[in-house]
>>> print(open('protein.txt').read())   # compact mmCIF, C-alpha atoms
# COMPACT_ATOMS: atom_id res chain seq x y z
CA MET A 1 -53.98 -58.16 135.43
CA LYS A 2 -53.19 -55.09 133.44
CA LEU A 3 -55.39 -51.99 133.16
CA CYS A 4 -55.02 -49.18 130.63
CA ILE A 5 -56.13 -45.75 131.83
CA THR A 6 -56.13 -42.71 129.52
CA SER A 7 -54.45 -39.85 131.31
CA GLU A 8 -53.58 -36.21 130.86
CA GLY A 9 -50.28 -36.64 132.71
CA LYS A 10 -47.89 -39.43 133.61
CA THR A 11 -48.64 -40.06 137.28
CA LEU A 12 -51.48 -41.68 139.24
CA ASP A 13 -52.52 -38.20 140.37
CA SER A 14 -53.05 -37.05 136.79
CA LYS A 15 -56.58 -36.51 135.52
CA VAL A 16 -58.22 -39.13 133.34
CA ASP A 17 -58.17 -37.97 129.71
CA PRO A 18 -61.75 -38.09 128.35
CA ARG A 19 -60.55 -39.37 124.94
CA PHE A 20 -59.26 -42.86 124.20
CA GLY A 21 -57.62 -42.80 120.75
CA ARG A 22 -56.23 -39.29 121.08
CA CYS A 23 -55.53 -39.13 124.81
CA GLN A 24 -52.27 -37.50 125.87
CA ASN A 25 -50.84 -40.46 127.80
CA PHE A 26 -51.62 -44.06 128.55
CA ILE A 27 -51.03 -45.45 132.02
CA PHE A 28 -50.62 -49.22 132.14
CA PHE A 29 -51.34 -50.37 135.69
CA ASP A 30 -50.71 -53.87 137.00
CA THR A 31 -53.31 -54.70 139.66
CA ASP A 32 -51.23 -57.63 140.98
CA THR A 33 -48.05 -55.66 141.70
CA GLY A 34 -49.39 -52.08 141.95
CA GLN A 35 -46.68 -51.07 139.45
CA PHE A 36 -47.42 -48.86 136.46
CA ASP A 37 -45.76 -47.34 133.46
CA ALA A 38 -46.80 -44.22 131.59
CA GLN A 39 -46.45 -43.82 127.86
CA GLU A 40 -47.04 -40.78 125.71
CA ASN A 41 -49.66 -41.40 123.02
CA THR A 42 -47.92 -40.85 119.69
CA ASN A 43 -51.12 -41.88 117.86
CA ALA A 44 -52.80 -38.66 118.98
CA GLN A 45 -51.30 -36.76 116.04
CA PHE A 46 -52.65 -39.10 113.36
CA GLN A 47 -55.01 -37.65 110.78
CA GLY A 48 -56.97 -40.90 110.89
CA GLY A 49 -56.72 -44.26 112.60
CA ALA A 50 -55.76 -42.95 116.07
CA GLY A 51 -58.40 -45.08 117.78
CA ILE A 52 -57.40 -48.18 115.84
CA GLN A 53 -53.72 -47.86 116.70
CA SER A 54 -54.39 -46.97 120.34
CA GLY A 55 -56.53 -50.10 120.51
CA GLN A 56 -53.65 -52.00 118.94
CA LEU A 57 -51.28 -50.66 121.60
CA ALA A 58 -53.59 -51.83 124.38
CA VAL A 59 -53.68 -55.28 122.73
CA SER A 60 -49.91 -55.52 122.44
CA LYS A 61 -49.49 -54.44 126.07
CA GLY A 62 -51.67 -57.36 127.15
CA VAL A 63 -54.30 -55.10 128.70
CA LYS A 64 -57.51 -56.71 130.03
CA ALA A 65 -59.54 -53.56 130.68
CA VAL A 66 -59.57 -49.96 129.46
CA LEU A 67 -60.72 -47.10 131.71
CA THR A 68 -61.45 -43.85 129.86
CA GLY A 69 -63.97 -41.10 129.21
CA ASN A 70 -65.07 -42.05 125.72
CA VAL A 71 -64.35 -44.64 123.05
CA GLY A 72 -65.10 -44.19 119.33
CA PRO A 73 -66.37 -46.84 116.93
CA ASN A 74 -63.05 -48.01 115.47
CA ALA A 75 -61.26 -48.32 118.80
CA HIS A 76 -64.31 -50.08 120.23
CA GLN A 77 -64.14 -52.62 117.43
CA VAL A 78 -60.44 -53.36 117.99
CA LEU A 79 -60.75 -53.62 121.78
CA SER A 80 -63.86 -55.80 121.61
CA ALA A 81 -62.29 -58.11 119.03
CA ALA A 82 -59.36 -58.60 121.41
CA GLY A 83 -61.70 -59.35 124.31
CA ILE A 84 -60.64 -56.26 126.26
CA SER A 85 -63.29 -54.83 128.62
CA ILE A 86 -64.12 -51.17 127.96
CA PHE A 87 -65.26 -48.79 130.71
CA THR A 88 -66.32 -45.32 129.60
CA GLY A 89 -67.59 -42.34 131.57
CA VAL A 90 -64.56 -42.57 133.88
CA SER A 91 -63.33 -39.25 135.30
CA GLY A 92 -61.32 -37.85 138.20
CA THR A 93 -57.72 -38.91 138.79
CA VAL A 94 -56.11 -42.07 137.48
CA LYS A 95 -55.86 -43.37 141.05
CA GLU A 96 -59.57 -42.77 141.63
CA ALA A 97 -60.31 -44.58 138.40
CA ILE A 98 -58.29 -47.61 139.49
CA ASP A 99 -59.99 -47.65 142.91
CA GLY A 100 -63.38 -47.30 141.25
CA TYR A 101 -62.58 -50.24 138.99
CA LYS A 102 -61.49 -52.38 141.93
CA ASN A 103 -64.70 -51.51 143.77
CA GLY A 104 -66.73 -52.45 140.70
CA ILE A 105 -68.47 -49.09 140.28
CA TYR A 106 -68.08 -48.96 136.48
CA LYS A 107 -70.19 -50.85 133.97
CA PRO A 108 -68.67 -52.16 130.74
CA ALA A 109 -69.59 -50.16 127.62
CA ALA A 110 -71.25 -52.43 125.08
CA ALA A 111 -71.14 -49.76 122.36
CA PRO A 112 -68.95 -46.81 121.35
CA SER A 113 -69.76 -43.75 123.45
CA VAL A 114 -68.88 -41.19 120.74
CA GLY A 115 -68.66 -41.01 116.94
CA SER A 116 -65.59 -40.85 114.71
CA LYS A 117 -63.13 -37.97 115.11
CA PHE A 118 -64.43 -37.12 118.61
CA GLY A 119 -60.93 -36.56 119.97
CA MET A 120 -59.69 -34.42 117.09
CA PRO A 121 -58.36 -31.03 118.24
CA LYS A 122 -61.10 -28.42 117.89
CA LYS A 123 -60.32 -25.69 115.39
CA MET B 1 -54.84 -27.88 76.90
CA ILE B 2 -56.15 -28.43 80.41
CA ILE B 3 -57.88 -25.52 82.14
CA SER B 4 -59.07 -26.06 85.68
CA VAL B 5 -61.56 -23.79 87.41
CA ALA B 6 -61.09 -23.61 91.17
CA SER B 7 -61.65 -21.32 94.14
CA GLY B 8 -60.68 -21.23 97.77
CA LYS B 9 -64.13 -20.17 98.87
CA GLY B 10 -67.16 -22.22 97.89
CA GLY B 11 -70.11 -20.69 96.06
CA THR B 12 -68.12 -18.09 94.16
CA GLY B 13 -69.13 -19.28 90.70
CA LYS B 14 -66.73 -22.04 89.62
CA THR B 15 -69.39 -24.02 87.84
CA THR B 16 -70.83 -20.89 86.22
CA VAL B 17 -67.41 -20.03 84.79
CA ALA B 18 -66.54 -23.60 83.79
CA VAL B 19 -69.88 -24.30 82.10
CA ASN B 20 -70.07 -21.00 80.22
CA LEU B 21 -66.46 -21.26 79.12
CA ALA B 22 -67.16 -24.75 77.79
CA LEU B 23 -70.24 -23.54 75.90
CA SER B 24 -68.29 -20.69 74.32
CA LEU B 25 -65.51 -22.84 72.84
CA ASN B 26 -65.18 -25.66 70.32
CA ASN B 27 -63.74 -29.10 70.84
CA VAL B 28 -64.25 -29.26 74.58
CA ARG B 29 -64.18 -32.13 77.01
CA PHE B 30 -65.72 -31.19 80.36
CA LEU B 31 -64.70 -33.02 83.55
CA ASP B 32 -66.74 -32.24 86.66
CA CYS B 33 -64.29 -33.22 89.39
CA ASP B 34 -66.37 -31.87 92.26
CA VAL B 35 -67.34 -35.46 92.93
CA GLU B 36 -68.85 -34.81 96.35
CA GLU B 37 -71.53 -32.62 94.84
CA PRO B 38 -71.24 -32.44 91.05
CA ASN B 39 -73.64 -29.89 89.57
CA ALA B 40 -72.35 -28.94 86.12
CA HIS B 41 -74.77 -31.42 84.55
CA ILE B 42 -77.67 -29.33 85.85
CA PHE B 43 -76.57 -26.52 83.52
CA LEU B 44 -75.03 -28.43 80.62
CA LYS B 45 -77.83 -31.03 80.58
CA PRO B 46 -75.76 -33.68 78.78
CA ARG B 47 -77.34 -36.80 77.35
CA MET B 48 -75.77 -39.54 79.47
CA ASN B 49 -74.76 -42.63 77.54
CA GLY B 50 -72.27 -44.42 79.75
CA LYS B 51 -71.86 -45.30 83.39
CA LYS B 52 -69.23 -47.29 85.20
CA SER B 53 -68.47 -48.14 88.76
CA ALA B 54 -65.44 -46.46 90.34
CA THR B 55 -63.53 -48.65 92.75
CA ILE B 56 -60.40 -48.67 94.84
CA PRO B 57 -58.40 -51.77 95.71
CA VAL B 58 -58.57 -52.77 99.37
CA PRO B 59 -56.71 -55.62 101.06
CA GLU B 60 -58.22 -58.99 101.83
CA VAL B 61 -56.30 -61.39 104.06
CA ASP B 62 -55.99 -65.11 103.42
CA GLU B 63 -56.15 -66.41 106.98
CA ALA B 64 -54.66 -69.74 105.96
CA LYS B 65 -51.40 -67.98 105.05
CA CYS B 66 -51.37 -65.15 107.64
CA THR B 67 -49.03 -65.51 110.61
CA TYR B 68 -50.29 -62.32 112.29
CA CYS B 69 -46.78 -60.88 112.16
CA GLY B 70 -48.15 -57.33 112.00
CA LYS B 71 -46.10 -56.15 109.00
CA CYS B 72 -49.20 -54.91 107.14
CA ARG B 73 -50.23 -52.81 110.12
CA GLU B 74 -46.73 -51.40 110.45
CA VAL B 75 -46.49 -50.27 106.81
CA CYS B 76 -50.01 -48.85 106.51
CA ALA B 77 -49.53 -45.10 106.21
CA TYR B 78 -53.21 -44.52 106.98
CA HIS B 79 -53.28 -46.56 110.22
CA ALA B 80 -56.14 -48.57 108.80
CA ILE B 81 -55.09 -52.03 110.02
CA ALA B 82 -55.04 -53.70 113.45
CA VAL B 83 -53.52 -57.14 113.94
CA LEU B 84 -54.57 -59.20 116.95
CA PRO B 85 -52.00 -61.93 117.57
CA GLU B 86 -52.86 -65.55 118.20
CA SER B 87 -53.04 -66.62 121.82
CA ASP B 88 -53.81 -69.81 123.72
CA SER B 89 -57.43 -68.78 124.09
CA ALA B 90 -58.08 -67.04 120.76
CA LYS B 91 -57.09 -67.26 117.15
CA GLY B 92 -55.46 -64.29 115.49
CA ASN B 93 -57.39 -61.64 113.63
CA VAL B 94 -56.61 -58.90 111.12
CA LEU B 95 -59.02 -55.96 111.23
CA ILE B 96 -59.05 -53.81 108.11
CA PHE B 97 -60.84 -50.47 108.28
CA GLN B 98 -61.74 -50.05 104.63
CA HIS B 99 -62.91 -46.45 104.87
CA LEU B 100 -59.42 -45.36 105.90
CA CYS B 101 -57.70 -47.33 103.11
CA HIS B 102 -56.31 -45.29 100.21
CA GLY B 103 -55.61 -48.40 98.13
CA CYS B 104 -51.85 -47.77 98.00
CA GLY B 105 -51.03 -51.49 97.96
CA ALA B 106 -48.16 -51.35 100.49
CA CYS B 107 -49.63 -54.09 102.71
CA ARG B 108 -50.01 -56.47 99.78
CA LEU B 109 -46.52 -55.77 98.45
CA LEU B 110 -44.76 -56.09 101.78
CA CYS B 111 -46.61 -59.03 103.36
CA PRO B 112 -43.85 -61.62 103.95
CA GLN B 113 -46.35 -64.47 103.55
CA GLY B 114 -48.03 -63.22 100.39
CA ALA B 115 -51.26 -63.53 102.34
CA ILE B 116 -52.88 -60.32 101.08
CA LYS B 117 -54.73 -59.87 97.83
CA GLU B 118 -56.65 -56.84 96.70
CA VAL B 119 -60.36 -56.72 96.05
CA ASN B 120 -62.27 -53.83 94.53
CA ARG B 121 -64.48 -51.70 96.72
CA ALA B 122 -66.98 -49.39 94.99
CA ILE B 123 -66.65 -45.74 96.04
CA GLY B 124 -68.83 -44.07 93.42
CA VAL B 125 -69.70 -43.91 89.75
CA ILE B 126 -68.39 -42.19 86.65
CA GLU B 127 -71.01 -41.02 84.16
CA ILE B 128 -70.26 -40.10 80.58
CA GLY B 129 -72.39 -38.14 78.17
CA ASP B 130 -72.43 -35.38 75.61
CA LYS B 131 -74.06 -32.05 74.97
CA ASP B 132 -73.77 -31.10 71.30
CA ALA B 133 -70.02 -31.05 70.68
CA ILE B 134 -69.07 -31.08 74.36
CA GLN B 135 -68.00 -34.41 75.80
CA PHE B 136 -69.07 -34.60 79.42
CA ILE B 137 -67.69 -36.75 82.25
CA HIS B 138 -68.38 -36.51 85.93
CA GLY B 139 -67.85 -38.55 89.06
CA ARG B 140 -70.31 -39.08 91.86
CA LEU B 141 -68.88 -40.19 95.18
CA ASN B 142 -71.05 -42.51 97.27
CA VAL B 143 -72.62 -40.83 100.28
CA GLY B 144 -70.57 -41.50 103.39
CA GLU B 145 -67.25 -42.00 101.58
CA ALA B 146 -64.49 -40.05 103.28
CA MET B 147 -62.03 -39.76 100.40
CA SER B 148 -62.68 -38.20 97.03
CA PRO B 149 -59.18 -38.08 95.43
CA PRO B 150 -59.23 -41.67 94.10
CA LEU B 151 -62.47 -40.94 92.22
CA ILE B 152 -61.21 -37.53 91.05
CA ARG B 153 -58.14 -39.27 89.58
CA GLN B 154 -60.40 -41.71 87.75
CA VAL B 155 -62.44 -38.85 86.27
CA LYS B 156 -59.21 -37.12 85.24
CA ALA B 157 -58.12 -40.23 83.39
CA TYR B 158 -60.53 -38.97 80.69
CA THR B 159 -58.24 -36.02 79.96
CA ASN B 160 -57.63 -35.82 76.21
CA ASN B 161 -54.67 -33.99 74.71
CA THR B 162 -56.38 -33.18 71.44
CA LYS B 163 -59.14 -31.24 73.16
CA THR B 164 -59.62 -28.28 75.43
CA VAL B 165 -60.23 -30.01 78.73
CA ILE B 166 -62.14 -27.97 81.30
CA ILE B 167 -62.00 -29.23 84.86
CA ASP B 168 -64.58 -28.03 87.36
CA ALA B 169 -62.71 -28.45 90.67
CA PRO B 170 -64.10 -28.81 94.18
CA PRO B 171 -63.82 -25.78 96.50
CA GLY B 172 -61.15 -25.36 99.14
CA THR B 173 -57.40 -25.91 99.22
CA SER B 174 -57.01 -29.50 100.44
CA CYS B 175 -56.33 -32.89 98.80
CA PRO B 176 -59.43 -32.98 96.54
CA VAL B 177 -58.54 -29.59 95.03
CA ILE B 178 -54.89 -30.47 94.60
CA THR B 179 -55.86 -33.75 92.92
CA ALA B 180 -58.26 -31.92 90.58
CA VAL B 181 -55.97 -29.07 89.48
CA LYS B 182 -52.66 -30.97 89.35
CA GLY B 183 -51.31 -31.17 85.80
CA SER B 184 -53.42 -28.25 84.53
CA ASP B 185 -51.85 -25.87 82.03
CA PHE B 186 -53.75 -23.02 83.63
CA CYS B 187 -56.07 -22.54 86.57
CA VAL B 188 -58.87 -19.97 86.71
CA LEU B 189 -59.54 -18.90 90.29
CA VAL B 190 -63.04 -17.61 90.79
CA THR B 191 -63.56 -15.28 93.70
CA GLU B 192 -65.82 -12.53 94.98
CA PRO B 193 -64.89 -9.08 96.31
CA THR B 194 -65.51 -9.88 99.97
CA PRO B 195 -63.14 -10.48 102.91
CA PHE B 196 -63.92 -14.23 102.74
CA GLY B 197 -63.36 -14.24 99.00
CA LEU B 198 -59.98 -12.57 99.38
CA ASN B 199 -58.84 -14.68 102.33
CA ASP B 200 -59.59 -17.94 100.51
CA LEU B 201 -58.17 -16.62 97.22
CA VAL B 202 -54.84 -16.02 98.95
CA SER B 203 -54.85 -19.62 100.25
CA ALA B 204 -55.71 -20.99 96.82
CA ILE B 205 -52.91 -18.98 95.21
CA ASP B 206 -50.48 -20.51 97.71
CA VAL B 207 -51.52 -23.95 96.51
CA LEU B 208 -51.13 -23.10 92.83
CA LYS B 209 -47.72 -21.53 93.34
CA ARG B 210 -46.50 -24.70 95.00
CA LEU B 211 -47.91 -26.77 92.16
CA GLU B 212 -46.33 -24.31 89.69
CA ILE B 213 -49.57 -23.86 87.78
CA PRO B 214 -50.10 -20.49 86.05
CA PHE B 215 -53.31 -18.82 87.15
CA GLY B 216 -55.57 -15.81 86.77
CA VAL B 217 -58.60 -14.52 88.61
CA VAL B 218 -62.26 -14.11 87.69
CA ILE B 219 -64.16 -11.78 89.99
CA ASN B 220 -67.81 -12.71 90.26
CA ARG B 221 -70.44 -10.30 91.63
CA SER B 222 -67.69 -7.80 90.94
CA ASP B 223 -69.69 -4.69 91.77
CA LEU B 224 -70.46 -5.80 95.33
CA GLY B 225 -68.25 -5.82 98.39
CA ASP B 226 -64.98 -3.93 98.61
CA GLY B 227 -62.03 -3.28 96.33
CA ASN B 228 -59.52 -5.39 98.23
CA VAL B 229 -59.46 -8.31 95.81
CA ASP B 230 -58.71 -5.93 92.94
CA GLN B 231 -56.04 -4.21 94.97
CA PHE B 232 -54.48 -7.53 95.94
CA CYS B 233 -54.36 -8.69 92.31
CA GLN B 234 -52.87 -5.39 91.21
CA ASP B 235 -50.24 -5.41 93.96
CA ASN B 236 -49.22 -8.97 93.17
CA ASN B 237 -49.33 -8.72 89.41
CA ILE B 238 -52.12 -11.28 89.07
CA PRO B 239 -54.21 -10.98 85.91
CA VAL B 240 -57.93 -10.33 86.44
CA LEU B 241 -59.33 -12.18 83.45
CA LEU B 242 -63.02 -11.39 83.72
CA ARG B 243 -65.52 -9.56 85.89
CA ILE B 244 -69.10 -10.75 86.15
CA PRO B 245 -71.41 -8.18 87.75
CA PHE B 246 -74.07 -8.83 90.36
CA ASP B 247 -77.04 -8.97 88.06
CA LYS B 248 -80.54 -10.15 88.89
CA GLU B 249 -80.97 -11.67 85.45
CA ILE B 250 -77.81 -13.78 85.87
CA ALA B 251 -79.02 -15.00 89.25
CA LEU B 252 -82.44 -15.79 87.80
CA LEU B 253 -80.94 -17.83 84.94
CA TYR B 254 -78.74 -19.69 87.41
CA SER B 255 -81.73 -20.56 89.57
CA CYS B 256 -83.44 -22.06 86.51
CA GLY B 257 -80.37 -24.07 85.51
CA ILE B 258 -79.88 -22.04 82.32
CA PRO B 259 -76.29 -21.23 81.33
CA LEU B 260 -75.62 -17.51 81.13
CA VAL B 261 -74.29 -17.56 77.56
CA GLN B 262 -77.50 -19.09 76.22
CA LYS B 263 -79.62 -16.06 77.11
CA LYS B 264 -77.08 -13.28 77.36
CA THR B 265 -75.09 -14.00 74.24
CA GLU B 266 -72.73 -11.08 74.78
CA TYR B 267 -71.08 -13.25 77.43
CA LYS B 268 -70.08 -15.79 74.81
CA GLU B 269 -67.65 -13.22 73.47
CA ALA B 270 -66.48 -12.41 77.00
CA PHE B 271 -65.71 -16.09 77.69
CA ARG B 272 -63.92 -16.42 74.34
CA MET B 273 -61.79 -13.47 75.32
CA LEU B 274 -61.17 -15.13 78.67
CA PHE B 275 -59.91 -18.16 76.74
CA GLU B 276 -57.61 -16.01 74.57
CA GLU B 277 -56.33 -14.33 77.72
CA ILE B 278 -55.60 -17.75 79.27
CA LYS B 279 -53.68 -18.86 76.18
CA SER B 280 -51.56 -15.72 76.22
CA ASN B 281 -50.83 -16.23 79.92
CA ILE B 282 -49.66 -19.79 79.32
CA VAL B 283 -47.22 -18.69 76.64
CA ARG B 284 -45.85 -15.99 78.91
>>> encode(input="protein.txt", output="structure tokens")
Amino acid sequence: MKLCITSEGKTLDSKVDPRFGRCQNFIFFDTDTGQFDAQENTNAQFQGGAGIQSGQLAVSKGVKAVLTGNVGPNAHQVLSAAGISIFTGVSGTVKEAIDGYKNGIYKPAAAPSVGSKFGMPKK
Amino acid sequence: MIISVASGKGGTGKTTVAVNLALSLNNVRFLDCDVEEPNAHIFLKPRMNGKKSATIPVPEVDEAKCTYCGKCREVCAYHAIAVLPESDSAKGNVLIFQHLCHGCGACRLLCPQGAIKEVNRAIGVIEIGDKDAIQFIHGRLNVGEAMSPPLIRQVKAYTNNTKTVIIDAPPGTSCPVITAVKGSDFCVLVTEPTPFGLNDLVSAIDVLKRLEIPFGVVINRSDLGDGNVDQFCQDNNIPVLLRIPFDKEIALLYSCGIPLVQKKTEYKEAFRMLFEEIKSNIVR
């Protein structure tokens, strides 16, 4: 099955990005093969709708679970509607996040962990 | 003629200038376009005699026709749509985030299945009234609405060519201000002689230059602060149309919701001269 981890960089040693919709990169990790691909998040620049379109990306990639720091209300709605499990409060490296998921240490987030515009660059 | 009253910085005296200008002239239509917090009615005290709902069109999907192709999502410039495709285990779903929708209609126009129609969503109200010979219109945006320009445009639809239209604009330099001042024959920029006043005046001037709207400056609380606003206007050949001093009586009247020109009638002449000055600046 496929995991989506928000990441600051493009490797498994990168740190987990604490934002979902406006994270720097997405890492799509296949737990069956151990293969992954990293993709820069072009939604991060959007004035609005970054969470929605990042959720859409996870849907179109066939992701079953998202591992990240925080998820806002719009992204939460898209991911939930698509039946994707959401795990927030994840930190450390991407590899640690994947191991943590496999060991079942995270609990699914039933509600958004932050409000709208959480990931917007601070002025 | 359309005269808008704007300012980069908030709280400089836009409404004071707009209201007192309106009360000093004949044949005025007053549009309060600061729809997020309209306050001109507090001073003009119009008798309201009309109210209508302001709406924007938002998409509604006919699921019987939708194939979940994702075209609507792709064309939405505001990223307000997510399309979840059909799968073996779940039926498809189109999620529309109405608060992000600007009502542009692209999704409806470009849907290959003709599955989208538009329904009206209320975003606020427009209230119409009069105060003696002044016709008064303002918009009030619903609390929680993110976008004011659609309502500002609906208030501006009341512009009337046979009258002197005075537009009280919102503060700042972003979309709501641009929407409010666009199409004006002249814009009065109200500022104060402080570093903040000057900084935000410079930004506001940038906006007006790009919109190619002639403008002049009113300096409020003109005997406070420093001389940098004056110097800036002088250096850049910007007309200073009026100076209003920092005066306890003016502040007191304001706090009671009484327009300046009603109690200090000498200002009526000053605002008429401001109007003459504006007219001469438009011709030039």
>>> closest_residue(input="protein.txt", among="B:Pro85, B:Gly144, B:Gly172, B:Pro245", to="chain A", atoms="only C-alpha atoms")
B:Pro85
>>> closest_residue(input="protein.txt", among="A:Phe46, A:Phe87, A:Phe36, A:Phe26", to="Met120 (chain A)", atoms="all atoms listed in the file")
A:Phe46
>>> residues_around(input="protein.txt", residues="Glu277 (chain B)", least_positions_apart="5", cutoff="12 Å", atoms="only C-alpha atoms", output="count of residues only")
16
>>> closest_residue(input="protein.txt", among="A:Ile52, A:Ala58, A:Met1, A:Val71", to="chain B", atoms="all atoms listed in the file")
A:Ile52
>>> residues_near_point(input="protein.txt", point="(-70.3, -18.4, 79.2)", cutoff="8 Å", atoms="all atoms listed in the file", output="list in words")
Thr16, Val17, Ala18, Val19, Asn20, Leu21, Ala22, Leu23, Ser24, Pro259, Leu260, Val261, Gln262, Tyr267, Lys268, Ala270 and Phe271 of chain B
>>> build_atoms(input="protein.txt", residues="region 32-46 of chain A", atoms="N, CA and C atoms", output="PDB file, keeping the file's coordinate frame")
ATOM      1  N   ASP A  32     -51.861 -56.626 140.102  1.00  0.00           N
ATOM      2  CA  ASP A  32     -51.230 -57.630 140.980  1.00  0.00           C
ATOM      3  C   ASP A  32     -50.067 -57.029 141.752  1.00  0.00           C
ATOM      4  N   THR A  33     -49.265 -56.178 141.059  1.00  0.00           N
ATOM      5  CA  THR A  33     -48.050 -55.660 141.700  1.00  0.00           C
ATOM      6  C   THR A  33     -48.218 -54.204 142.151  1.00  0.00           C
ATOM      7  N   GLY A  34     -49.236 -53.506 141.634  1.00  0.00           N
ATOM      8  CA  GLY A  34     -49.390 -52.080 141.950  1.00  0.00           C
ATOM      9  C   GLY A  34     -48.416 -51.210 141.168  1.00  0.00           C
ATOM     10  N   GLN A  35     -47.636 -51.820 140.260  1.00  0.00           N
ATOM     11  CA  GLN A  35     -46.680 -51.070 139.450  1.00  0.00           C
ATOM     12  C   GLN A  35     -47.398 -50.482 138.214  1.00  0.00           C
ATOM     13  N   PHE A  36     -46.850 -49.393 137.698  1.00  0.00           N
ATOM     14  CA  PHE A  36     -47.420 -48.860 136.460  1.00  0.00           C
ATOM     15  C   PHE A  36     -46.331 -48.265 135.595  1.00  0.00           C
ATOM     16  N   ASP A  37     -46.613 -48.177 134.293  1.00  0.00           N
ATOM     17  CA  ASP A  37     -45.760 -47.340 133.460  1.00  0.00           C
ATOM     18  C   ASP A  37     -46.611 -46.433 132.595  1.00  0.00           C
ATOM     19  N   ALA A  38     -46.066 -45.236 132.345  1.00  0.00           N
ATOM     20  CA  ALA A  38     -46.800 -44.220 131.590  1.00  0.00           C
ATOM     21  C   ALA A  38     -46.143 -44.079 130.232  1.00  0.00           C
ATOM     22  N   GLN A  39     -46.988 -43.920 129.218  1.00  0.00           N
ATOM     23  CA  GLN A  39     -46.450 -43.820 127.860  1.00  0.00           C
ATOM     24  C   GLN A  39     -47.183 -42.726 127.106  1.00  0.00           C
ATOM     25  N   GLU A  40     -46.420 -41.833 126.502  1.00  0.00           N
ATOM     26  CA  GLU A  40     -47.040 -40.780 125.710  1.00  0.00           C
ATOM     27  C   GLU A  40     -47.753 -41.394 124.507  1.00  0.00           C
ATOM     28  N   ASN A  41     -48.886 -40.851 124.132  1.00  0.00           N
ATOM     29  CA  ASN A  41     -49.660 -41.400 123.020  1.00  0.00           C
ATOM     30  C   ASN A  41     -49.253 -40.736 121.703  1.00  0.00           C
ATOM     31  N   THR A  42     -48.391 -41.416 120.956  1.00  0.00           N
ATOM     32  CA  THR A  42     -47.920 -40.850 119.690  1.00  0.00           C
ATOM     33  C   THR A  42     -48.990 -40.961 118.593  1.00  0.00           C
ATOM     34  N   ASN A  43     -50.040 -41.762 118.846  1.00  0.00           N
ATOM     35  CA  ASN A  43     -51.120 -41.880 117.860  1.00  0.00           C
ATOM     36  C   ASN A  43     -51.996 -40.639 117.814  1.00  0.00           C
ATOM     37  N   ALA A  44     -51.900 -39.806 118.860  1.00  0.00           N
ATOM     38  CA  ALA A  44     -52.800 -38.660 118.980  1.00  0.00           C
ATOM     39  C   ALA A  44     -52.687 -37.701 117.807  1.00  0.00           C
ATOM     40  N   GLN A  45     -51.531 -37.699 117.139  1.00  0.00           N
ATOM     41  CA  GLN A  45     -51.300 -36.760 116.040  1.00  0.00           C
ATOM     42  C   GLN A  45     -51.847 -37.257 114.704  1.00  0.00           C
ATOM     43  N   PHE A  46     -52.226 -38.541 114.649  1.00  0.00           N
ATOM     44  CA  PHE A  46     -52.650 -39.100 113.360  1.00  0.00           C
ATOM     45  C   PHE A  46     -53.854 -38.365 112.800  1.00  0.00           C
TER      46      PHE A  46
END
